[in-house]
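**Student:** Please find one structure pasted underneath; my questions will follow.
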Amino acid sequence: MAARIKKGDTVEAITGVDKGKKGKVLQVLGERVLVEGLHIVKKHMRQTNESQEGGVIEREALIHCSNLKKTV
């Protein structure tokens, strides 16, 4: 039986650009997981009002759970 990945677990990427990096699970959405510090993407944001700036922001994106393994 495969180990279930839950919010708060520490996981390690086993494939892709982030292979070998570790991070904490922030959110689980079905088979996809949001991990702190893994799978960083750049998102172009438009300014919505005077208080928020527009530009390019870097943020975590969802990664499939098959590309992760649970660490102790």
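Labels for the structure tokens follow display order: chains A, B, ..., residues from 1 in each chain, ligands from 1.
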Quick one: residues within 9 Å of A:Gly54, only C-alpha atoms counted, chain neighbours fewer than 6 positions away excluded, as a list in words?
**Tutor:**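 Within the cut-off, the hits are His44, Met45, Arg46, Gln47 and Thr48 of chain A.
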**Student:** Nearest to A:Glu12 among A:Val56, A:Val28, A:Leu38, A:Ala61, with distances taken over only C-alpha atoms: which residue is it?
**Tutor:**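 So, comparing all the options, the nearest one is A:Leu38.
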**Student:** Please compute the atom CA of A:Lys69-atom CA of A:Ala13 distance, one decimal, in Å.
**Tutor:**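 Separation of atom CA of A:Lys69 and atom CA of A:Ala13: 6.5 Å.
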**Student:** List as a VMD selection string the protein and nucleic acid residues near A:Ile5, meaning an atom at most 9 Å away when only C-alpha atoms are counted, but skip any in the same chain fewer than 6 places from it.
**Tutor:** chain A and resid 11 25 28 33 65 68 to 70
**Student:** Export, as an mmCIF file, in the first residue's frame, the selected residues with N, CA and C atoms.
**Tutor:**
```cif
data_model
loop_
_atom_site.group_PDB
_atom_site.id
_atom_site.type_symbol
_atom_site.label_atom_id
_atom_site.label_comp_id
_atom_site.auth_asym_id
_atom_site.auth_seq_id
_atom_site.Cartn_x
_atom_site.Cartn_y
_atom_site.Cartn_z
ATOM 1 N N VAL A 11 8.001 16.089 2.014
ATOM 2 C CA VAL A 11 8.141 15.248 0.830
ATOM 3 C C VAL A 11 9.388 15.643 0.051
ATOM 4 N N VAL A 25 4.265 19.997 2.635
ATOM 5 C CA VAL A 25 3.005 20.012 1.896
ATOM 6 C C VAL A 25 2.099 21.098 2.468
ATOM 7 N N VAL A 28 -3.428 19.671 -0.387
ATOM 8 C CA VAL A 28 -3.629 18.479 -1.212
ATOM 9 C C VAL A 28 -4.958 18.632 -1.937
ATOM 10 N N VAL A 33 -0.569 18.091 -5.493
ATOM 11 C CA VAL A 33 -0.124 18.582 -4.190
ATOM 12 C C VAL A 33 0.596 19.910 -4.373
ATOM 13 N N CYS A 65 1.219 13.785 -7.274
ATOM 14 C CA CYS A 65 1.738 13.034 -6.119
ATOM 15 C C CYS A 65 2.655 11.877 -6.520
ATOM 16 N N LEU A 68 6.415 12.569 -6.127
ATOM 17 C CA LEU A 68 6.889 12.877 -4.773
ATOM 18 C C LEU A 68 7.014 11.587 -3.954
ATOM 19 N N LYS A 69 7.903 11.634 -2.957
ATOM 20 C CA LYS A 69 7.944 10.556 -1.982
ATOM 21 C C LYS A 69 7.991 11.169 -0.598
ATOM 22 N N LYS A 70 7.358 10.497 0.336
ATOM 23 C CA LYS A 70 7.294 10.952 1.719
ATOM 24 C C LYS A 70 8.642 10.709 2.388
#
```
